[in-house]
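Below is upload22.cif, holding mmCIF, C-alpha atoms.
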data_coords
#
loop_
_atom_site.label_atom_id
_atom_site.label_comp_id
_atom_site.auth_asym_id
_atom_site.auth_seq_id
_atom_site.Cartn_x
_atom_site.Cartn_y
_atom_site.Cartn_z
CA MET A 65 -10.37 6.83 6.46
CA LYS A 66 -7.41 6.22 8.82
CA LEU A 67 -7.15 2.62 7.67
CA PHE A 68 -7.19 3.70 4.02
CA ILE A 69 -4.34 6.15 4.65
CA GLN A 70 -2.36 3.39 6.37
CA VAL A 71 -2.86 1.08 3.39
CA VAL A 72 -1.77 3.80 0.95
CA ILE A 73 1.36 4.64 2.97
CA GLY A 74 2.15 0.94 3.31
CA LEU A 75 1.76 0.43 -0.44
CA MET A 76 3.99 3.41 -1.21
CA LEU A 77 6.66 2.04 1.12
CA LEU A 78 6.29 -1.43 -0.41
CA ILE A 79 6.63 -0.10 -3.97
CA PHE A 80 9.66 2.05 -3.10
CA SER A 81 11.44 -0.77 -1.28
CA THR A 82 10.62 -3.22 -4.08
CA ILE A 83 12.20 -0.96 -6.69
CA ALA A 84 15.24 -0.37 -4.47
CA SER A 85 15.61 -4.11 -3.79
CA TRP A 86 15.29 -4.90 -7.47
CA TYR A 87 18.01 -2.38 -8.26
CA GLU A 88 20.34 -3.69 -5.55
CA GLY A 89 19.69 -7.28 -6.57
CA SER A 90 20.49 -6.57 -10.20
CA THR A 91 24.14 -6.79 -9.15
CA LEU A 92 23.62 -10.54 -9.45
CA THR A 93 24.12 -10.20 -13.20
CA THR A 94 27.80 -9.33 -12.63
CA ALA A 95 28.37 -11.79 -9.73
CA ILE A 96 28.85 -14.88 -11.89
CA TRP A 97 30.15 -16.93 -8.92
CA GLU A 98 26.78 -16.44 -7.16
CA TRP A 99 24.62 -17.76 -9.99
CA LYS A 100 24.84 -21.33 -8.74
CA HIS A 101 23.85 -20.45 -5.16
CA THR A 102 21.54 -17.46 -5.53
CA ALA A 103 19.76 -17.85 -8.87
CA ILE A 104 17.57 -20.56 -7.36
CA PHE A 105 14.40 -19.96 -9.38
CA SER A 106 16.36 -19.48 -12.59
CA ASN A 107 18.03 -22.84 -12.06
CA TRP A 108 14.66 -24.49 -11.38
CA PHE A 109 12.89 -23.06 -14.41
CA ASN A 110 15.67 -22.55 -16.97
CA GLY A 111 18.14 -25.23 -16.01
CA SER A 112 21.65 -23.97 -15.34
CA VAL A 113 22.33 -20.26 -15.66
CA ASN A 114 24.94 -19.59 -18.32
CA GLN A 115 24.29 -15.95 -19.17
CA THR A 116 22.57 -12.94 -17.64
CA SER A 117 19.46 -13.39 -19.77
CA ASP A 118 18.84 -16.73 -18.01
CA ILE A 119 18.36 -15.00 -14.62
CA LEU A 120 14.77 -14.43 -13.51
CA THR A 121 13.80 -11.20 -11.78
CA ILE A 122 12.81 -12.94 -8.55
CA ASP A 123 16.41 -14.03 -8.08
CA TYR A 124 17.43 -10.36 -7.89
CA PHE A 125 15.36 -10.12 -4.70
CA ILE A 126 17.04 -13.21 -3.24
CA TYR A 127 20.47 -11.72 -3.98
CA ALA A 128 19.44 -8.41 -2.40
CA ALA A 129 18.08 -10.22 0.67
CA LYS A 130 21.34 -12.14 1.08
CA PHE A 131 23.79 -9.30 0.63
CA SER A 132 21.90 -5.97 1.00
CA PRO A 133 19.00 -6.82 3.32
CA ALA A 134 17.76 -3.32 4.26
CA TYR A 135 15.28 -2.76 1.43
CA PRO A 136 14.12 -6.40 1.22
CA LEU A 137 13.45 -6.25 4.97
CA ILE A 138 11.39 -3.09 4.48
CA MET A 139 9.54 -4.98 1.71
CA LEU A 140 8.83 -7.84 4.09
CA LEU A 141 7.66 -5.60 6.92
CA SER A 142 5.51 -3.28 4.79
CA GLY A 143 3.98 -6.23 2.91
CA THR A 144 3.20 -7.98 6.18
CA TYR A 145 1.69 -4.81 7.60
CA ILE A 146 -0.55 -4.41 4.54
CA ILE A 147 -1.67 -8.05 4.67
CA ILE A 148 -2.52 -7.85 8.39
CA LEU A 149 -4.25 -4.49 7.90
CA ILE A 150 -6.38 -5.89 5.06
CA GLY A 151 -7.21 -8.89 7.27
CA TYR A 152 -8.22 -6.51 10.05
CA ILE A 153 -10.47 -4.60 7.64
CA LEU A 154 -12.05 -7.78 6.26
CA PHE A 155 -12.63 -9.38 9.66
CA LYS A 156 -13.50 -6.25 11.64
CA GLY A 157 -15.85 -7.23 14.45
CA LYS A 158 -15.15 -10.94 13.88
CA THR A 159 -12.45 -11.53 16.45
CA LYS A 160 -12.39 -15.29 16.08
CA LEU A 161 -11.91 -15.16 12.30
CA PHE A 162 -9.25 -12.47 12.61
CA SER A 163 -7.45 -14.64 15.18
CA TYR A 164 -7.46 -17.56 12.75
CA PHE A 165 -6.18 -15.22 10.04
CA LEU A 166 -3.33 -14.04 12.29
CA THR A 167 -2.51 -17.63 13.21
CA SER A 168 -2.28 -18.48 9.49
CA VAL A 169 0.04 -15.52 8.90
CA GLY A 170 2.16 -16.65 11.85
CA ILE A 171 2.40 -20.21 10.51
CA VAL A 172 3.44 -18.93 7.07
CA PHE A 173 6.24 -16.91 8.67
CA LEU A 174 7.39 -19.84 10.79
CA VAL A 175 7.55 -22.01 7.65
CA LEU A 176 9.54 -19.25 5.90
CA CYS A 177 11.79 -19.10 8.93
CA ASN A 178 12.40 -22.83 8.64
CA LEU A 179 13.21 -22.57 4.92
CA ILE A 180 15.96 -19.99 5.41
CA SER A 181 17.42 -21.29 8.66
CA GLY A 182 21.11 -22.07 8.65
CA SER A 183 22.05 -19.57 5.96
CA PRO A 184 25.66 -18.39 6.19
CA THR A 185 24.84 -14.87 4.94
CA ILE A 186 24.02 -12.03 7.33
CA GLY A 187 21.06 -10.95 5.21
CA LEU A 188 19.21 -14.26 5.41
CA THR A 189 20.10 -14.54 9.09
CA ILE A 190 18.32 -11.22 9.59
CA PHE A 191 15.36 -12.58 7.62
CA PHE A 192 15.38 -15.73 9.75
CA TYR A 193 15.07 -13.78 13.00
CA SER A 194 12.57 -11.34 11.51
CA SER A 195 10.36 -14.17 10.27
CA LEU A 196 10.65 -15.95 13.60
CA LEU A 197 9.67 -12.80 15.49
CA ILE A 198 6.74 -11.99 13.17
CA GLY A 199 5.49 -15.58 13.34
CA ILE A 200 5.63 -15.71 17.13
CA LEU A 201 4.04 -12.26 17.49
CA ALA A 202 1.20 -13.07 15.09
CA ILE A 203 0.37 -16.32 16.85
CA GLY A 204 0.74 -14.65 20.26
CA VAL A 205 -1.61 -11.79 19.37
CA ALA A 206 -4.09 -14.28 17.90
CA THR A 207 -4.02 -16.29 21.12
CA ILE A 208 -4.50 -13.18 23.25
CA LEU A 209 -7.44 -12.09 21.08
CA LEU A 210 -9.08 -15.51 21.39
CA VAL A 211 -8.58 -15.68 25.16
CA THR A 212 -9.82 -12.14 25.82
CA ASN A 213 -12.78 -12.64 23.49
CA LYS A 214 -13.66 -15.89 25.26
CA ASN A 215 -13.40 -14.23 28.69
CA LYS A 216 -15.77 -11.42 27.65
CA GLY A 217 -18.62 -13.88 27.68
CA ILE A 218 -17.90 -14.92 31.27
CA THR A 219 -19.65 -12.88 33.95
CA THR A 220 -18.88 -13.00 37.64
#
Encoded form using structure tokens:
Amino acid sequence: MKLFIQVVIGLMLLIFSTIASWYEGSTLTTAIWEWKHTAIFSNWFNGSVNQTSDILTIDYFIYAAKFSPAYPLIMLLSGTYIIILIGYILFKGKTKLFSYFLTSVGIVFLVLCNLISGSPTIGLTIFFYSSLLIGILAIGVATILLVTNKNKGITT
């Protein structure tokens, strides 16, 4: 029951922060000078962005992450918490599998960290360090779980 409550609270936080990020990122429609640099997915799928209708919703989140990172960061943290919590529920009692799951999550965050490294905006710099920290922590916890689980089988 406690885990269910944690998932529900995490989902509520994720939904709230997603709506807030979407709203903050919608400012992209009036920041015409940012279309070339921030409307990345719109440029990939629609070609060049010439009017506001060419901008895809996902680019609103990128704009919010670059220039108003509070709610996108809450999205990242609450989404990560939910994913790890679901992994914990699925692999409860299977320490080795949960460790592999955490290692995978850590690798995904380190790849994300690599993709956004070197950004000149404060928002993506915050995301860089957050992703780096989450990746290192996930892999570190996975390693500790594997080592302690391995040592449980050793008797003196």
### Query
Which value, in Å to one decimal, gives the distance between CA of Leu77 (chain A) and CA of Tyr152 (chain A)?
19.3 Å
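Residues matched by the PyMOL selection byres ((chain A and resi 82) around 9) in this file: Leu77, Leu78, Ile79, Phe80, Ser81, Ile83, Ala84, Ser85, Trp86, Tyr87, Phe125, Tyr135, Pro136, Ile138 and Met139 of chain A.
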### Hits of the PyMOL selection byres ((chain A and resi 90-92) around 12) in this structure, as a ChimeraX atom specification
/A:83-89,93-104,106,113,115-132
Contacts of region 67-175 of chain A with region 190-202 of chain A up to 8 Å, shortest pair per row, only C-alpha atoms, as CSV:
residue,atom,partner,partner_atom,distance
A:Ala129,CA,A:Phe191,CA,7.8
A:Pro133,CA,A:Ile190,CA,7.7
A:Leu137,CA,A:Phe191,CA,7.1
A:Leu166,CA,A:Ala202,CA,5.4
A:Thr167,CA,A:Ala202,CA,6.2
A:Val169,CA,A:Ala202,CA,6.8
A:Gly170,CA,A:Gly199,CA,3.8
A:Ile171,CA,A:Gly199,CA,6.2
A:Val172,CA,A:Gly199,CA,7.4
A:Phe173,CA,A:Gly199,CA,4.9
A:Leu174,CA,A:Gly199,CA,5.3
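Proximity to region 156-159 of chain A at 10 Å, evaluated using all atoms listed in the file and with sequence-adjacent residues fewer than 4 positions away removed, yields Ile150, Gly151, Tyr152, Ser163, Tyr164, Phe165, Ala206, Leu209, Leu210, Thr212, Asn213 and Lys214 of chain A.
The spacing separating CA of Val211 (chain A) from CA of Gly143 (chain A) amounts to 27.2 Å.
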### Message
I'd like the contact shell of Tyr145 (chain A) - 8 Å cut-off, all atoms listed in the file, skipping same-chain residues fewer than 4 positions apart - returned as a list in words.
### Response
Gly74, Leu141 and Leu149 of chain A
Selection file, C-alpha atoms, as a PDB file, keeping the file's coordinate frame:
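Result saved to part24.pdb:
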ATOM      1  CA  GLY A  74       2.150   0.940   3.310  1.00  0.00           C
ATOM      2  CA  LEU A 141       7.660  -5.600   6.920  1.00  0.00           C
ATOM      3  CA  LEU A 149      -4.250  -4.490   7.900  1.00  0.00           C
TER       4      LEU A 149
END
### Task
Have a look at CA of Ile146 (chain A) and CA of Leu75 (chain A) and let me know their distance in Å, one decimal.
7.3 Å
